[in-house]
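*Asks:* Structure file start.pdb (PDB, C-alpha atoms) right here:
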MODEL        1
ATOM      1  CA  MET A 226      -7.843  -4.477  22.178
ATOM      2  CA  LEU A 227      -6.349  -7.692  23.493
ATOM      3  CA  ILE A 228      -9.258  -9.664  22.047
ATOM      4  CA  HIS A 229      -8.773  -7.972  18.670
ATOM      5  CA  ASP A 230      -5.033  -8.746  18.658
ATOM      6  CA  TRP A 231      -5.692 -12.358  19.660
ATOM      7  CA  ALA A 232      -8.330 -12.767  16.941
ATOM      8  CA  THR A 233      -6.027 -11.202  14.334
ATOM      9  CA  SER A 234      -3.157 -13.491  15.339
ATOM     10  CA  ARG A 235      -5.362 -16.594  15.180
ATOM     11  CA  TRP A 236      -6.713 -15.540  11.775
ATOM     12  CA  ASN A 237      -3.198 -14.998  10.368
ATOM     13  CA  GLN A 238      -2.077 -18.408  11.635
ATOM     14  CA  TRP A 239      -5.127 -20.105  10.132
ATOM     15  CA  ILE A 240      -4.864 -18.392   6.746
ATOM     16  CA  THR A 241      -1.119 -19.145   6.596
ATOM     17  CA  ARG A 242      -1.799 -22.847   7.111
ATOM     18  CA  ARG A 243      -4.663 -22.896   4.625
ATOM     19  CA  ILE A 244      -3.019 -20.744   1.929
ATOM     20  CA  PRO A 245       0.772 -20.849   2.470
ATOM     21  CA  ARG A 246       3.109 -18.516   0.631
ATOM     22  CA  ALA A 247       4.132 -19.773  -2.823
ATOM     23  CA  ALA A 248       5.737 -18.418  -5.977
ATOM     24  CA  GLU A 249       2.557 -19.361  -7.863
ATOM     25  CA  ILE A 250      -0.964 -20.019  -6.601
ATOM     26  CA  THR A 251      -3.912 -21.482  -8.476
ATOM     27  CA  LEU A 252      -7.184 -20.495  -6.837
ATOM     28  CA  ASN A 253      -9.337 -23.530  -6.071
ATOM     29  CA  GLN A 254     -12.274 -24.269  -3.806
ATOM     30  CA  ARG A 255     -10.055 -24.568  -0.718
ATOM     31  CA  LYS A 256      -8.512 -21.123  -1.274
ATOM     32  CA  LEU A 257     -11.698 -19.181  -2.090
ATOM     33  CA  PHE A 258     -14.303 -17.714   0.252
ATOM     34  CA  ILE A 259     -17.705 -16.311  -0.687
ATOM     35  CA  PHE A 260     -20.224 -14.187   1.200
ATOM     36  CA  PRO A 261     -23.111 -11.834   0.312
ATOM     37  CA  THR A 262     -22.385  -8.134  -0.080
ATOM     38  CA  ARG A 263     -24.609  -5.471   1.460
ATOM     39  CA  SER A 264     -26.749  -5.583  -1.659
ATOM     40  CA  GLY A 265     -26.938  -9.375  -1.383
ATOM     41  CA  ILE A 266     -27.982  -9.200   2.275
ATOM     42  CA  ALA A 267     -30.650  -6.633   1.370
ATOM     43  CA  LEU A 268     -31.913  -8.989  -1.369
ATOM     44  CA  LEU A 269     -32.088 -11.879   1.118
ATOM     45  CA  ALA A 270     -34.097  -9.704   3.515
ATOM     46  CA  LEU A 271     -36.445  -8.729   0.673
ATOM     47  CA  LEU A 272     -36.900 -12.407  -0.292
ATOM     48  CA  LEU A 273     -37.782 -13.262   3.301
ATOM     49  CA  VAL A 274     -40.393 -10.474   3.450
ATOM     50  CA  LEU A 275     -41.862 -11.473   0.083
ATOM     51  CA  LEU A 276     -41.998 -15.114   1.153
ATOM     52  CA  LEU A 277     -43.933 -14.184   4.310
ATOM     53  CA  ILE A 278     -46.329 -12.097   2.212
ATOM     54  CA  ALA A 279     -46.821 -14.948  -0.264
ATOM     55  CA  ILE A 280     -47.502 -17.439   2.536
ATOM     56  CA  ASN A 281     -49.876 -15.079   4.359
ATOM     57  CA  TYR A 282     -51.914 -14.087   1.304
ATOM     58  CA  GLU A 283     -51.392 -17.300  -0.688
ATOM     59  CA  ASN A 284     -50.439 -15.201  -3.706
ATOM     60  CA  ASN A 285     -48.937 -17.203  -6.545
ATOM     61  CA  LEU A 286     -47.482 -14.142  -8.300
ATOM     62  CA  VAL A 287     -45.504 -13.226  -5.169
ATOM     63  CA  TYR A 288     -44.345 -16.854  -4.925
ATOM     64  CA  ALA A 289     -43.138 -16.651  -8.534
ATOM     65  CA  LEU A 290     -41.293 -13.418  -7.829
ATOM     66  CA  VAL A 291     -39.582 -14.959  -4.781
ATOM     67  CA  PHE A 292     -38.492 -18.033  -6.730
ATOM     68  CA  LEU A 293     -37.286 -15.880  -9.652
ATOM     69  CA  LEU A 294     -35.136 -13.638  -7.446
ATOM     70  CA  ALA A 295     -33.826 -16.633  -5.488
ATOM     71  CA  THR A 296     -32.818 -18.309  -8.752
ATOM     72  CA  VAL A 297     -30.965 -15.183  -9.848
ATOM     73  CA  LEU A 298     -29.109 -15.134  -6.511
ATOM     74  CA  VAL A 299     -28.100 -18.808  -6.772
ATOM     75  CA  ILE A 300     -26.897 -18.400 -10.361
ATOM     76  CA  THR A 301     -24.960 -15.275  -9.328
ATOM     77  CA  ILE A 302     -23.137 -17.266  -6.629
ATOM     78  CA  HIS A 303     -21.938 -19.783  -9.225
ATOM     79  CA  ILE A 304     -20.884 -17.088 -11.726
ATOM     80  CA  THR A 305     -18.985 -15.068  -9.108
ATOM     81  CA  PHE A 306     -17.212 -18.152  -7.799
ATOM     82  CA  ALA A 307     -16.300 -19.315 -11.314
ATOM     83  CA  ASN A 308     -14.857 -15.857 -12.096
ATOM     84  CA  LEU A 309     -11.931 -16.552  -9.723
ATOM     85  CA  HIS A 310     -11.819 -20.335  -9.651
ATOM     86  CA  SER A 311      -8.797 -21.966 -11.394
ATOM     87  CA  MET A 312      -7.127 -18.617 -12.078
ATOM     88  CA  THR A 313      -3.339 -18.684 -11.552
ATOM     89  CA  ILE A 314      -1.479 -15.778  -9.930
ATOM     90  CA  SER A 315       2.304 -15.517  -9.646
ATOM     91  CA  GLY A 316       4.892 -12.893  -8.778
ATOM     92  CA  GLY A 317       6.873 -11.137 -11.493
ATOM     93  CA  ARG A 318      10.378  -9.685 -11.461
ATOM     94  CA  ASN A 319      10.566  -6.329  -9.712
ATOM     95  CA  ILE A 320      12.757  -3.355 -10.645
ATOM     96  CA  PRO A 321      14.786  -2.080  -7.659
ATOM     97  CA  VAL A 322      14.077   1.425  -6.349
ATOM     98  CA  PHE A 323      15.700   3.877  -3.968
ATOM     99  CA  ALA A 324      14.314   4.306  -0.462
ATOM    100  CA  GLY A 325      11.459   6.804  -0.389
ATOM    101  CA  GLU A 326      10.690   6.472  -4.090
ATOM    102  CA  THR A 327       7.562   4.990  -5.619
ATOM    103  CA  GLY A 328       8.047   1.503  -7.035
ATOM    104  CA  THR A 329       5.959  -1.339  -8.361
ATOM    105  CA  VAL A 330       5.452  -4.973  -7.409
ATOM    106  CA  ALA A 331       4.607  -7.062 -10.469
ATOM    107  CA  LEU A 332       2.013  -9.840 -10.637
ATOM    108  CA  LYS A 333       1.216 -12.198 -13.503
ATOM    109  CA  LEU A 334      -2.337 -13.452 -14.059
ATOM    110  CA  MET A 335      -3.377 -16.464 -16.110
ATOM    111  CA  ALA A 336      -6.965 -17.581 -16.786
ATOM    112  CA  ARG A 337      -8.062 -20.926 -18.184
ATOM    113  CA  ARG A 338     -10.835 -21.645 -20.636
ATOM    114  CA  ARG A 339     -12.845 -18.407 -20.157
ATOM    115  CA  THR A 340     -12.425 -14.673 -19.743
ATOM    116  CA  ARG A 341     -12.425 -13.225 -16.205
ATOM    117  CA  TYR A 342     -13.813  -9.789 -15.398
ATOM    118  CA  ASP A 343     -13.468  -7.062 -12.752
ATOM    119  CA  ILE A 344     -10.899  -8.602 -10.405
ATOM    120  CA  SER A 345      -9.657  -6.350  -7.588
ATOM    121  CA  PHE A 346      -6.305  -6.626  -5.816
ATOM    122  CA  ILE A 347      -6.348  -4.879  -2.441
ATOM    123  CA  HIS A 348      -3.340  -4.124  -0.246
ATOM    124  CA  GLY A 349      -3.869  -1.745   2.661
ATOM    125  CA  ASP A 350      -5.869   1.214   1.392
ATOM    126  CA  ARG A 351      -4.847   0.695  -2.237
ATOM    127  CA  THR A 352      -7.063  -1.090  -4.748
ATOM    128  CA  ASN A 353      -5.947  -2.138  -8.237
ATOM    129  CA  LEU A 354      -8.651  -3.273 -10.654
ATOM    130  CA  GLN A 355      -7.945  -5.708 -13.482
ATOM    131  CA  PRO A 356     -10.916  -5.227 -15.845
ATOM    132  CA  GLU A 357     -10.309  -8.337 -17.935
ATOM    133  CA  VAL A 358      -8.069 -11.396 -18.186
ATOM    134  CA  GLN A 359      -8.201 -13.223 -21.499
ATOM    135  CA  PRO A 360      -8.190 -17.044 -21.485
ATOM    136  CA  ASN A 361      -4.785 -18.731 -21.911
ATOM    137  CA  LYS A 362      -3.044 -15.341 -22.057
ATOM    138  CA  SER A 363      -0.772 -13.911 -19.412
ATOM    139  CA  ALA A 364      -1.810 -10.513 -18.041
ATOM    140  CA  SER A 365       0.465  -8.247 -15.997
ATOM    141  CA  LEU A 366      -0.523  -6.105 -13.044
ATOM    142  CA  ASP A 367       1.734  -3.617 -11.231
ATOM    143  CA  LEU A 368       0.956  -2.724  -7.620
ATOM    144  CA  THR A 369       2.289   0.668  -6.523
ATOM    145  CA  VAL A 370       4.361   0.732  -3.306
ATOM    146  CA  ARG A 371       6.546   3.323  -1.540
ATOM    147  CA  PRO A 372       9.131   1.582   0.685
ATOM    148  CA  CYS A 373      11.000   3.858   3.100
ATOM    149  CA  ASP A 374      13.740   1.494   4.324
ATOM    150  CA  ARG A 375      16.565  -0.047   2.312
ATOM    151  CA  GLY A 376      16.884  -3.815   1.937
ATOM    152  CA  LEU A 377      14.318  -6.378   0.890
ATOM    153  CA  PHE A 378      10.738  -5.090   0.754
ATOM    154  CA  SER A 379       8.031  -7.748   0.893
ATOM    155  CA  LEU A 380       4.458  -6.877  -0.025
ATOM    156  CA  GLY A 381       3.029  -9.649   2.143
ATOM    157  CA  ARG A 382      -0.529 -10.877   1.768
ATOM    158  CA  LEU A 383      -3.046  -9.110  -0.420
ATOM    159  CA  ARG A 384      -6.713  -9.740  -1.020
ATOM    160  CA  VAL A 385      -7.898 -10.702  -4.470
ATOM    161  CA  GLU A 386     -11.660 -10.465  -4.863
ATOM    162  CA  SER A 387     -14.493 -10.155  -7.341
ATOM    163  CA  ALA A 388     -18.189  -9.249  -7.090
ATOM    164  CA  TYR A 389     -18.868  -9.833 -10.782
ATOM    165  CA  PRO A 390     -21.504  -9.753 -12.314
ATOM    166  CA  PHE A 391     -24.184  -8.067 -10.139
ATOM    167  CA  GLY A 392     -22.385  -7.217  -6.907
ATOM    168  CA  LEU A 393     -24.690  -9.433  -4.839
ATOM    169  CA  VAL A 394     -21.956 -11.761  -3.538
ATOM    170  CA  ARG A 395     -18.223 -11.300  -3.112
ATOM    171  CA  CYS A 396     -15.664 -14.060  -3.697
ATOM    172  CA  TRP A 397     -12.169 -13.487  -2.329
ATOM    173  CA  SER A 398      -8.880 -15.032  -1.271
ATOM    174  CA  TRP A 399      -5.776 -13.964   0.710
ATOM    175  CA  ILE A 400      -2.578 -14.749  -1.205
ATOM    176  CA  ASP A 401       1.145 -14.132  -0.823
ATOM    177  CA  VAL A 402       2.939 -14.665  -4.137
ATOM    178  CA  SER A 403       4.826 -11.428  -4.831
ATOM    179  CA  GLN A 404       8.597 -11.478  -5.258
ATOM    180  CA  PRO A 405      10.634  -9.287  -2.878
ATOM    181  CA  LEU A 406      11.653  -5.837  -4.068
ATOM    182  CA  TRP A 407      15.212  -4.605  -3.518
ATOM    183  CA  VAL A 408      15.327  -1.093  -2.090
ATOM    184  CA  TYR A 409      18.618   0.784  -2.464
ATOM    185  CA  PRO A 410      19.729   3.449   0.041
ATOM    186  CA  LYS A 411      18.447   6.939  -0.662
ATOM    187  CA  PRO A 412      21.276   8.840  -2.415
ATOM    188  CA  LEU A 413      22.425  11.936  -0.519
ATOM    189  CA  GLN A 414      25.162  14.306  -1.644
ATOM    190  CA  PRO A 415      28.220  13.619   0.569
ATOM    191  CA  PRO A 416      30.652  16.234   1.842
ATOM    192  CA  THR A 417      33.684  16.830  -0.338
ATOM    193  CA  LEU A 418      36.699  14.669   0.440
ATOM    194  CA  ALA A 419      40.148  16.149  -0.147
ATOM    195  CA  GLY A 420      42.880  14.234  -1.970
ATOM    196  CA  HIS A 421      41.075  13.006  -5.058
ATOM    197  CA  GLU A 422      43.108  15.068  -7.493
ATOM    198  CA  ALA A 423      45.571  13.454  -9.858
ATOM    199  CA  SER A 424      49.310  13.789  -9.478
ATOM    200  CA  GLY A 425      51.829  14.064 -12.282
ATOM    201  CA  ASN A 426      51.927  10.329 -12.903
ATOM    202  CA  ASP A 427      48.093  10.063 -13.042
ATOM    203  CA  GLN A 428      47.763   8.564  -9.573
ATOM    204  CA  LYS A 429      44.608   9.037  -7.527
ATOM    205  CA  THR A 430      44.920   9.501  -3.767
ATOM    206  CA  SER A 431      41.806   8.622  -1.757
ATOM    207  CA  PRO A 432      41.660   8.968   2.040
ATOM    208  CA  SER A 433      40.757   5.620   3.546
ATOM    209  CA  GLN A 434      41.188   3.982   6.935
ATOM    210  CA  MET A 435      42.259   0.821   5.064
ATOM    211  CA  GLY A 436      45.028   2.609   3.109
ATOM    212  CA  ASP A 437      48.745   1.983   3.442
ATOM    213  CA  ASP A 438      50.117   5.528   3.006
ATOM    214  CA  LEU A 439      49.947   8.400   5.466
ATOM    215  CA  TYR A 440      47.821  11.144   3.953
ATOM    216  CA  ALA A 441      47.215  13.802   6.626
ATOM    217  CA  PHE A 442      46.493  14.571  10.274
ATOM    218  CA  ASN A 443      43.038  15.601  11.471
ATOM    219  CA  SER A 444      41.911  16.826  14.873
ATOM    220  CA  TYR A 445      40.457  14.060  16.999
ATOM    221  CA  ARG A 446      36.642  13.850  17.042
ATOM    222  CA  PRO A 447      34.495  11.666  19.302
ATOM    223  CA  GLY A 448      33.874   8.389  17.512
ATOM    224  CA  ASP A 449      37.206   8.233  15.671
ATOM    225  CA  PRO A 450      38.906   4.799  15.985
ATOM    226  CA  ILE A 451      41.396   4.719  18.840
ATOM    227  CA  LYS A 452      43.920   2.786  16.692
ATOM    228  CA  HIS A 453      44.271   5.821  14.382
ATOM    229  CA  ILE A 454      45.160   8.308  17.146
ATOM    230  CA  HIS A 455      48.611   9.859  16.651
ATOM    231  CA  TRP A 456      50.061   9.088  20.081
ATOM    232  CA  PRO A 457      53.277  11.164  19.738
ATOM    233  CA  SER A 458      51.119  14.297  19.595
ATOM    234  CA  VAL A 459      49.329  13.180  22.737
ATOM    235  CA  ALA A 460      52.689  12.598  24.454
ATOM    236  CA  ARG A 461      53.768  16.145  23.562
ATOM    237  CA  GLY A 462      50.687  17.478  25.349
ATOM    238  CA  THR A 463      49.168  18.994  22.217
ATOM    239  CA  GLU A 464      45.667  18.477  20.913
ATOM    240  CA  PRO A 465      45.116  14.810  19.994
ATOM    241  CA  GLN A 466      45.307  14.108  16.267
ATOM    242  CA  VAL A 467      44.107  11.262  14.063
ATOM    243  CA  THR A 468      46.107   9.852  11.184
ATOM    244  CA  VAL A 469      44.379   9.763   7.819
ATOM    245  CA  MET A 470      45.666   7.003   5.584
ATOM    246  CA  ALA A 471      45.381   6.951   1.819
ATOM    247  CA  ASN A 472      44.892   4.518  -1.015
ATOM    248  CA  ARG A 473      46.840   5.178  -4.190
ATOM    249  CA  SER A 474      45.863   3.923  -7.593
ATOM    250  CA  GLY A 475      48.077   4.372 -10.590
ATOM    251  CA  ASP A 476      45.309   3.841 -13.131
ATOM    252  CA  GLY A 477      43.000   6.577 -11.891
ATOM    253  CA  THR A 478      40.566   4.149 -10.257
ATOM    254  CA  LEU A 479      38.216   5.795  -7.770
ATOM    255  CA  ILE A 480      38.013   4.027  -4.405
ATOM    256  CA  ILE A 481      34.668   4.443  -2.612
ATOM    257  CA  ASP A 482      35.398   3.360   0.951
ATOM    258  CA  PHE A 483      32.946   2.805   3.783
ATOM    259  CA  ASP A 484      35.589   4.125   6.215
ATOM    260  CA  ASP A 485      35.874   7.448   4.417
ATOM    261  CA  TYR A 486      33.298   8.851   6.859
ATOM    262  CA  PRO A 487      34.191   7.821  10.411
ATOM    263  CA  GLY A 488      31.784   8.828  13.154
ATOM    264  CA  VAL A 489      28.803   9.114  10.780
ATOM    265  CA  ASP A 490      25.704   6.984  11.356
ATOM    266  CA  LEU A 491      25.262   3.900   9.192
ATOM    267  CA  GLU A 492      22.326   4.949   7.012
ATOM    268  CA  THR A 493      23.846   8.346   6.226
ATOM    269  CA  ARG A 494      27.134   6.673   5.237
ATOM    270  CA  LEU A 495      25.335   4.282   2.903
ATOM    271  CA  SER A 496      23.341   7.138   1.359
ATOM    272  CA  TRP A 497      26.578   9.056   0.696
ATOM    273  CA  LEU A 498      28.252   5.987  -0.789
ATOM    274  CA  CYS A 499      25.193   5.409  -2.964
ATOM    275  CA  ALA A 500      25.432   8.954  -4.341
ATOM    276  CA  ARG A 501      29.144   8.473  -5.066
ATOM    277  CA  VAL A 502      28.467   5.216  -6.916
ATOM    278  CA  LEU A 503      25.834   6.935  -9.077
ATOM    279  CA  ALA A 504      28.146   9.870  -9.756
ATOM    280  CA  ALA A 505      31.031   7.587 -10.754
ATOM    281  CA  ASN A 506      28.755   5.623 -13.051
ATOM    282  CA  SER A 507      27.396   8.785 -14.701
ATOM    283  CA  GLU A 508      30.994   9.890 -15.342
ATOM    284  CA  ASN A 509      31.814   6.415 -16.734
ATOM    285  CA  ARG A 510      34.689   6.099 -14.249
ATOM    286  CA  SER A 511      36.264   2.891 -13.042
ATOM    287  CA  TYR A 512      35.733   2.525  -9.299
ATOM    288  CA  SER A 513      35.920   0.077  -6.419
ATOM    289  CA  LEU A 514      33.494  -0.200  -3.529
ATOM    290  CA  VAL A 515      35.127  -1.134  -0.228
ATOM    291  CA  LEU A 516      32.880  -2.208   2.639
ATOM    292  CA  ARG A 517      33.735  -3.777   5.965
ATOM    293  CA  SER A 518      33.740  -7.375   4.802
ATOM    294  CA  ALA A 519      33.589  -7.163   1.009
ATOM    295  CA  THR A 520      35.211  -5.349  -1.894
ATOM    296  CA  LEU A 521      33.796  -4.916  -5.390
ATOM    297  CA  GLY A 522      35.783  -3.911  -8.451
ATOM    298  CA  PRO A 523      37.499  -2.072  -9.861
ATOM    299  CA  ASN A 524      35.154  -1.931 -12.819
ATOM    300  CA  SER A 525      32.589   0.274 -14.523
ATOM    301  CA  GLY A 526      29.292   0.005 -16.354
ATOM    302  CA  GLU A 527      25.641  -0.564 -15.523
ATOM    303  CA  GLN A 528      26.118  -4.120 -14.255
ATOM    304  CA  HIS A 529      28.903  -3.012 -11.927
ATOM    305  CA  ARG A 530      26.693  -0.163 -10.660
ATOM    306  CA  ASP A 531      23.824  -2.544  -9.924
ATOM    307  CA  LYS A 532      26.125  -4.904  -8.006
ATOM    308  CA  ALA A 533      27.474  -1.997  -5.953
ATOM    309  CA  LEU A 534      23.991  -0.713  -5.125
ATOM    310  CA  SER A 535      22.887  -4.225  -4.174
ATOM    311  CA  MET A 536      25.851  -4.511  -1.786
ATOM    312  CA  LEU A 537      24.815  -1.245  -0.149
ATOM    313  CA  ALA A 538      21.179  -2.385   0.115
ATOM    314  CA  GLN A 539      22.226  -5.698   1.699
ATOM    315  CA  PHE A 540      24.714  -4.147   4.115
ATOM    316  CA  ASP A 541      24.158  -5.597   7.612
ATOM    317  CA  GLN A 542      20.939  -7.271   6.420
ATOM    318  CA  PRO A 543      20.059 -10.750   7.770
ATOM    319  CA  SER A 544      21.536 -13.419   5.515
ATOM    320  CA  GLU A 545      18.263 -15.399   5.592
ATOM    321  CA  SER A 546      16.422 -12.691   3.671
ATOM    322  CA  VAL A 547      19.127 -12.578   1.016
ATOM    323  CA  GLU A 548      19.072 -16.343   0.599
ATOM    324  CA  ASN A 549      15.300 -16.383   0.304
ATOM    325  CA  ASP A 550      15.442 -13.782  -2.420
ATOM    326  CA  GLU A 551      18.040 -15.716  -4.382
ATOM    327  CA  THR A 552      15.989 -18.881  -4.254
TER     328      THR A 552
ENDMDL
END
Output the file's structure as structure tokens, nothing else.
*Replies:*
Amino acid sequence: MLIHDWATSRWNQWITRRIPRAAEITLNQRKLFIFPTRSGIALLALLLVLLLIAINYENNLVYALVFLLATVLVITIHITFANLHSMTISGGRNIPVFAGETGTVALKLMARRRTRYDISFIHGDRTNLQPEVQPNKSASLDLTVRPCDRGLFSLGRLRVESAYPFGLVRCWSWIDVSQPLWVYPKPLQPPTLAGHEASGNDQKTSPSQMGDDLYAFNSYRPGDPIKHIHWPSVARGTEPQVTVMANRSGDGTLIIDFDDYPGVDLETRLSWLCARVLAANSENRSYSLVLRSATLGPNSGEQHRDKALSMLAQFDQPSESVENDET
């Protein structure tokens, strides 16, 4: 096992140096590898046997057959290699998905001078076949993925290969050109929060730890911030209580606050906030998203929804990954 891990690590380092990640890769001789398939190895073994027979019996017809089959094999090597050589592959723009849903990673293919046939793109146990790429025309290929975690999903390296035309030799390359795919938190229906009804002057009251107005008292639960404990109740010897503050908005703006759910784990909070953002957008409501270090809105519309979902997907993500995606 240690030898396998060492060999895999060395191979990854070598292939990364030889074919580094790029937004666009043109396959040339340095980036392509070629080797006989099982059928090609069987043909080589047959040629060796026939050659021994021809030498032993000095049979010219067997010699001719050996030379004919060897010529076919040599020509096949050139055709298979040329089927991938000088083809350009780049990553396309990906449509964000929610965690756990099936999405696609887009690739763009461009061939020069001649048509390319039967090109396979392999990632893990999935194989996508591109039957034909017309010369000087861009072809699109979508690779199906199912990311389970929010944030930036990177496909990594995939193998592009071809055994056209006879399947005797296989030409392949390992490339990393795909653009990252944003994965939003999985929307989960949150528990109902009290205090979202309108008053007589059309104000909306939303419980929030960042609010300025006292809204209610709740019984203390493990995990509640100490700064929100109502100390006079503790001094009276009664059950500890926690103050619930409120945000008021005179224009009916909905405030979706990260601190609306104290004591809840991070991913569940984000999933609840995601569901609230989608619900507000479906109702065409104006809303603000309040996170620990950033606030979005108030606003409404599809663009505002996408910005809010992106903020939730990036929450507590390393800044390096975000910067790489923007570049």
*Asks:* To verify the selection step, state as an mmCIF file with C-alpha atoms, in the coordinates of the input which residues the PyMOL selection byres ((chain A and resi 386) around 9) yields on this input.
*Replies:*
data_model
loop_
_atom_site.group_PDB
_atom_site.id
_atom_site.type_symbol
_atom_site.label_atom_id
_atom_site.label_comp_id
_atom_site.auth_asym_id
_atom_site.auth_seq_id
_atom_site.Cartn_x
_atom_site.Cartn_y
_atom_site.Cartn_z
ATOM 1 C CA LEU A 309 -11.931 -16.552 -9.723
ATOM 2 C CA ASP A 343 -13.468 -7.062 -12.752
ATOM 3 C CA ILE A 344 -10.899 -8.602 -10.405
ATOM 4 C CA SER A 345 -9.657 -6.350 -7.588
ATOM 5 C CA PHE A 346 -6.305 -6.626 -5.816
ATOM 6 C CA ILE A 347 -6.348 -4.879 -2.441
ATOM 7 C CA ARG A 384 -6.713 -9.740 -1.020
ATOM 8 C CA VAL A 385 -7.898 -10.702 -4.470
ATOM 9 C CA SER A 387 -14.493 -10.155 -7.341
ATOM 10 C CA ALA A 388 -18.189 -9.249 -7.090
ATOM 11 C CA ARG A 395 -18.223 -11.300 -3.112
ATOM 12 C CA CYS A 396 -15.664 -14.060 -3.697
ATOM 13 C CA TRP A 397 -12.169 -13.487 -2.329
ATOM 14 C CA SER A 398 -8.880 -15.032 -1.271
ATOM 15 C CA TRP A 399 -5.776 -13.964 0.710
#
*Asks:* Restricting the calculation to all atoms listed in the file, which member of A:Leu393, A:Gly328, A:His303, A:Asn509 is positioned closest to A:Gln254?
*Replies:*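 Smallest distance to A:Gln254 is found for A:His303.
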*Asks:* Which is closer to A:Ser403 than all the others in A:Thr329, A:Thr493, A:Gln355, A:Ser315, using all atoms listed in the file?
*Replies:* A:Ser315
*Asks:* Using all atoms listed in the file, which of the listed residues (A:Val502, A:Leu272, A:Ile278, A:Ala519) sits closest to A:Thr296?
*Replies:*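 Of A:Val502, A:Leu272, A:Ile278, A:Ala519, the one nearest A:Thr296, counting all atoms listed in the file, is A:Leu272.
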*Asks:* Please report the interatomic distance between atom CA of A:Phe540 and atom CA of A:Leu332 in Å with one decimal.
*Replies:* 27.7 Å
*Asks:* Considering only C-alpha atoms, return as number ranges by chain whatever protein or nucleic-acid residues lie within 8 Å of A:Pro321, sequence-local ones (same chain, fewer than 5 positions apart) excluded.
*Replies:* A: 328, 406-409
*Asks:* Apply the PyMOL selection byres ((chain A and resi 404) around 8) to the displayed file and report the matching residues as a list in words.
*Replies:*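 Selection result, ordered by chain and number: Ala248, Gly316, Gly317, Arg318, Asn319, Val330, Ala331, Ser379, Val402, Ser403, Pro405, Leu406 and Asp550 of chain A.
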*Asks:* Please, what distance in Å, to one decimal, runs between atom CA of A:Ile250 and atom CA of A:Ser365?
*Replies:* 15.1 Å
*Asks:* Closest to A:Leu273 among A:Ala364, A:Glu357, A:Leu294, A:Ala307, using only C-alpha atoms?
*Replies:* A:Leu294
*Asks:* Can you work out the spacing between atom CA of A:Ala538 and atom CA of A:Leu491 in Å, to one decimal?
*Replies:*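 Between atom CA of A:Ala538 and atom CA of A:Leu491 the gap is 11.8 Å.
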*Asks:* So which residues are close to (-41.9, -13.6, -4.2), meaning at most 7 Å away in the file's coordinates with all atoms listed in the file counted, and can you show them as number ranges by chain?
*Replies:* A: 272, 275-276, 279, 286-292
*Asks:* With a distance cut-off of 9 Å and only C-alpha atoms, select the neighbouring residues of A:Pro415, excluding the residue or stretch itself and same-chain residues fewer than 5 positions from it, and output the selection as a list in words.
*Replies:* Thr493, Arg494, Ser496, Trp497, Leu498, Ala500 and Arg501 of chain A
*Asks:* Which residues come within 12 Å of A:Val358, counting only C-alpha atoms, excluding same-chain residues fewer than 6 positions away, as a list in words?
*Replies:*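 Neighbouring residues, sequence-local ones excluded: Asn308, Leu309, Met312, Thr313, Ile314, Lys333, Leu334, Met335, Ala336, Arg337, Arg338, Arg339, Thr340, Arg341, Tyr342, Asp343, Ile344, Ser345, Ala364, Ser365 and Leu366 of chain A.
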*Asks:* What residues come out when you apply the PyMOL selection byres ((chain A and resi 506) around 12) to this file, written as a list in words?
*Replies:*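 For this structure, the PyMOL selection byres ((chain A and resi 506) around 12) captures Leu479, Cys499, Ala500, Arg501, Val502, Leu503, Ala504, Ala505, Ser507, Glu508, Asn509, Arg510, Ser511, Tyr512, Ser513, Asn524, Ser525, Gly526, Glu527, Gln528, His529, Arg530, Asp531, Lys532, Ala533 and Leu534 of chain A.
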*Asks:* Restricting the calculation to all atoms listed in the file: of A:Thr327, A:Phe391, A:Lys411, A:Ile480, which residue gets closest to A:Arg371?
*Replies:*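 Using all atoms listed in the file, A:Arg371 sits closest to A:Thr327.
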